[in-house]
2 protein chains.
Amino acid sequence: MTFLSDEALKDKLNSRGYRSTPQRQKVLSIFIALAQGEHLSAEDLHRALREDDVGDAAPTENRISLSTVYRTLHLMVCMGLLRELELAEGHKHYELNRPLRDHHHIVCLHCNQTLEFEESSVAEIGEKTAKEAGYHVLDCQLILYGICANCTEDKKVG
Amino acid sequence: MTFLSDEALKDKLNSRGYRSTPQRQKVLSIFIALAQGEHLSAEDLHRALREDDVGDAAPTENRISLSTVYRTLHLMVCMGLLRELELAEGHKHYELNRPLRDHHHIVCLHCNQTLEFEESSVAEIGEKTAKEAGYHVLDCQLILYGICANCTEDKKVG
DNA sequence: CTTCCTGCAAAGAGTTTGCATTTGT
DNA sequence: ACAAATGCAAACTCTTTGCAGGAAG
């Protein structure tokens, strides 16, 4: 748990008038346990929370409703803890908003395949611009849309 | 109509086995008439099509259903004619995909205010990466999420 | 004259909201 | 105690889809 402890989360929440709850801790811990590059939809997260629950001591406790999942995701995006990704599957995905925002996405408009890549100079350029405009930057996303090599053979696209 | 004539659209469609229809021409013409930087949701476009219709000679003709609007938008994104923007309002926006993809967005996560900025080096970096991965790039979007100057005063965010 | 496109209406997915209850501070 | 968060269920918005009639190549 190198990213944010329960106490640090609590402080961050309390300083804004929000409260620390087991649900919020659980949600964050799921994201922290995720491999770099993985991202979850609201449904994915909901499922992960239930599965995580099975092995625990208190099985029927700590159940989180889908509403709370959505509310928590929104809160954590606004606090800068998570980043919201709109790729191509018709619903949003979320992942930890790691300090260095240098990982971006390429999406195939035809088969929805997603590729990640690292690129730090983009974030620098973007943040500079945003700060000049008076924004406090929480996330910086470069998304490329195109047709992947496999799909390029299909003449109807591109 | 400096961007794409009806004939050019027809060729582009036919070469892929699609057909040129009055609806598709109309949709594209709406986007061409749009000021640089403006973007429309599916509903916006549907409304614009109806309003545009009022002044015309054949009022009851050329009505386009919302289904067709959605189908046309999707088609034109996949063909690289339009770009799909996912900003913050909970629904997608569309604009002409102009040859130089050097205009990007900053969104306030609190009030949804959107700011545009020009930046060409980002597109260069991104396209280089994508091409190396074998992608045929159709769009390149840099989106920054943050809290705008006005909202920063609200202690609950940021 | 065949294939593709459209409009309609209905369905679908993902997300949000109101309200009573529970919980953190 | 008081305000904030949760769970449930219902509502809501945006978007997609099946099908019959109509239009383009």
# chains A, B, ... in the order shown; residues from 1 in each chain; ligands from 1

$ interface_residues --of "chain B" --to "chain C" --cutoff "8 Å" --atoms "only C-alpha atoms (C1' of nucleotides)" --output "list in words"
Tyr18, Arg19, Ser65, Ser67 and Thr68 of chain B

$ write_last_selection --atoms "C-alpha atoms" --output "PDB file, in the first residue's frame"
ATOM      1  CA  TYR B  18     -21.685   2.870 -48.411  1.00  0.00           C
ATOM      2  CA  ARG B  19     -24.196   5.105 -50.127  1.00  0.00           C
ATOM      3  CA  SER B  65     -34.764  10.651 -37.302  1.00  0.00           C
ATOM      4  CA  SER B  67     -31.696   6.918 -35.035  1.00  0.00           C
ATOM      5  CA  THR B  68     -30.241   8.055 -38.303  1.00  0.00           C
TER       6      THR B  68
END

$ interface_residues --of "chain B" --to "chain A" --cutoff "7 Å" --atoms "only C-alpha atoms" --output "short mmCIF file (atom, residue, chain, number, x, y, z; two decimals) with N, CA, C and O atoms, in the first residue's frame"
data_model
loop_
_atom_site.label_atom_id
_atom_site.label_comp_id
_atom_site.auth_asym_id
_atom_site.auth_seq_id
_atom_site.Cartn_x
_atom_site.Cartn_y
_atom_site.Cartn_z
N ARG B 16 -16.23 2.73 -50.03
CA ARG B 16 -16.28 1.77 -48.92
C ARG B 16 -17.55 0.91 -48.97
O ARG B 16 -17.83 0.17 -48.04
N GLY B 17 -18.32 1.04 -50.03
CA GLY B 17 -19.55 0.26 -50.15
C GLY B 17 -20.75 0.91 -49.48
O GLY B 17 -21.82 0.31 -49.37
N CYS B 78 -16.04 6.72 -37.69
CA CYS B 78 -15.23 5.59 -38.17
C CYS B 78 -14.56 5.89 -39.49
O CYS B 78 -13.52 5.33 -39.81
N MET B 79 -15.14 6.79 -40.28
CA MET B 79 -14.53 7.16 -41.55
C MET B 79 -13.52 8.28 -41.37
O MET B 79 -12.86 8.68 -42.33
N GLY B 80 -13.43 8.82 -40.18
CA GLY B 80 -12.45 9.87 -39.92
C GLY B 80 -12.95 11.26 -40.28
O GLY B 80 -12.18 12.22 -40.27
N GLU B 86 -15.46 13.36 -25.70
CA GLU B 86 -16.09 13.01 -24.43
C GLU B 86 -15.60 14.01 -23.42
O GLU B 86 -14.52 13.87 -22.87
N ILE B 106 -9.59 21.52 -22.16
CA ILE B 106 -9.42 21.50 -20.71
C ILE B 106 -10.81 21.58 -20.10
O ILE B 106 -11.60 22.45 -20.48
N LEU B 109 -13.77 19.78 -13.70
CA LEU B 109 -14.56 18.65 -13.16
C LEU B 109 -15.66 19.13 -12.24
O LEU B 109 -16.55 18.37 -11.87
N VAL B 122 1.83 18.02 -29.55
CA VAL B 122 1.21 16.85 -28.93
C VAL B 122 0.80 15.84 -29.99
O VAL B 122 1.06 14.64 -29.89
N ALA B 130 1.56 6.05 -32.32
CA ALA B 130 0.49 5.21 -32.84
C ALA B 130 0.91 4.51 -34.13
O ALA B 130 0.61 3.34 -34.34
N GLY B 134 1.33 0.42 -35.51
CA GLY B 134 0.59 -0.09 -36.65
C GLY B 134 -0.80 0.49 -36.82
O GLY B 134 -1.61 -0.02 -37.59
N TYR B 135 -1.09 1.55 -36.10
CA TYR B 135 -2.42 2.16 -36.18
C TYR B 135 -2.49 3.20 -37.28
O TYR B 135 -1.54 3.94 -37.51
N HIS B 136 -3.63 3.25 -37.93
CA HIS B 136 -3.94 4.33 -38.83
C HIS B 136 -4.69 5.38 -38.01
O HIS B 136 -5.84 5.17 -37.63
N VAL B 137 -4.04 6.49 -37.71
CA VAL B 137 -4.59 7.47 -36.78
C VAL B 137 -5.70 8.31 -37.42
O VAL B 137 -5.53 8.84 -38.51
N LEU B 138 -6.83 8.37 -36.75
CA LEU B 138 -7.94 9.19 -37.24
C LEU B 138 -8.15 10.43 -36.36
O LEU B 138 -8.66 11.43 -36.81
N ASP B 139 -7.78 10.33 -35.12
CA ASP B 139 -7.97 11.48 -34.24
C ASP B 139 -6.97 11.40 -33.09
O ASP B 139 -6.54 10.32 -32.70
N CYS B 140 -6.65 12.56 -32.58
CA CYS B 140 -5.70 12.65 -31.48
C CYS B 140 -6.21 13.69 -30.50
O CYS B 140 -6.35 14.86 -30.86
N GLN B 141 -6.56 13.28 -29.32
CA GLN B 141 -7.18 14.20 -28.37
C GLN B 141 -6.41 14.27 -27.07
O GLN B 141 -6.19 13.27 -26.42
N LEU B 142 -6.05 15.48 -26.72
CA LEU B 142 -5.47 15.69 -25.40
C LEU B 142 -6.53 16.37 -24.55
O LEU B 142 -7.04 17.44 -24.91
N ILE B 143 -6.92 15.73 -23.46
CA ILE B 143 -7.91 16.33 -22.58
C ILE B 143 -7.31 16.47 -21.19
O ILE B 143 -6.80 15.50 -20.63
N LEU B 144 -7.39 17.67 -20.66
CA LEU B 144 -6.93 17.92 -19.30
C LEU B 144 -8.14 18.10 -18.42
O LEU B 144 -9.07 18.82 -18.76
N TYR B 145 -8.13 17.40 -17.28
CA TYR B 145 -9.21 17.56 -16.33
C TYR B 145 -8.65 18.24 -15.09
O TYR B 145 -7.54 17.93 -14.65
N GLY B 146 -9.41 19.14 -14.56
CA GLY B 146 -8.94 19.85 -13.38
C GLY B 146 -10.03 20.70 -12.78
O GLY B 146 -11.21 20.47 -13.05
N ILE B 147 -9.61 21.64 -11.99
CA ILE B 147 -10.56 22.56 -11.36
C ILE B 147 -10.20 23.96 -11.82
O ILE B 147 -9.04 24.37 -11.71
N CYS B 148 -11.19 24.67 -12.34
CA CYS B 148 -10.91 25.99 -12.88
C CYS B 148 -10.71 27.00 -11.75
O CYS B 148 -11.01 26.72 -10.58
N ALA B 149 -10.22 28.16 -12.12
CA ALA B 149 -9.88 29.18 -11.13
C ALA B 149 -11.08 29.53 -10.23
O ALA B 149 -10.94 29.61 -9.01
N LYS B 155 -13.60 24.92 -1.29
CA LYS B 155 -12.62 24.06 -0.61
C LYS B 155 -12.89 22.57 -0.77
O LYS B 155 -12.04 21.73 -0.52
N LYS B 156 -14.09 22.23 -1.15
CA LYS B 156 -14.44 20.80 -1.24
C LYS B 156 -13.80 20.10 -2.42
O LYS B 156 -13.79 18.89 -2.49
N VAL B 157 -13.32 20.86 -3.38
CA VAL B 157 -12.75 20.22 -4.56
C VAL B 157 -11.26 20.47 -4.67
O VAL B 157 -10.69 21.27 -3.96
N GLY B 158 -10.66 19.77 -5.64
CA GLY B 158 -9.22 19.93 -5.89
C GLY B 158 -8.44 19.07 -4.96
O GLY B 158 -7.24 19.13 -4.94
#

$ select_by_dssp --residues "chain B" --states "strand (DSSP E)" --output "PyMOL selection string"
chain B and resi 82-85+93-96+103-108+114-118+136-147

$ interface_residues --of "chain D" --to "chain B" --cutoff "10 Å" --atoms "only C-alpha atoms (C1' of nucleotides)" --output "list in words"
DT13, DC14, DT15, DT16, DT17, DA23, DA24 and DG25 of chain D

$ select_by_dssp --residues "region 2-95 of chain B" --states "helix (DSSP H, G or I)" --output "PyMOL selection string"
chain B and resi 6-14+22-33+42-54+66-78
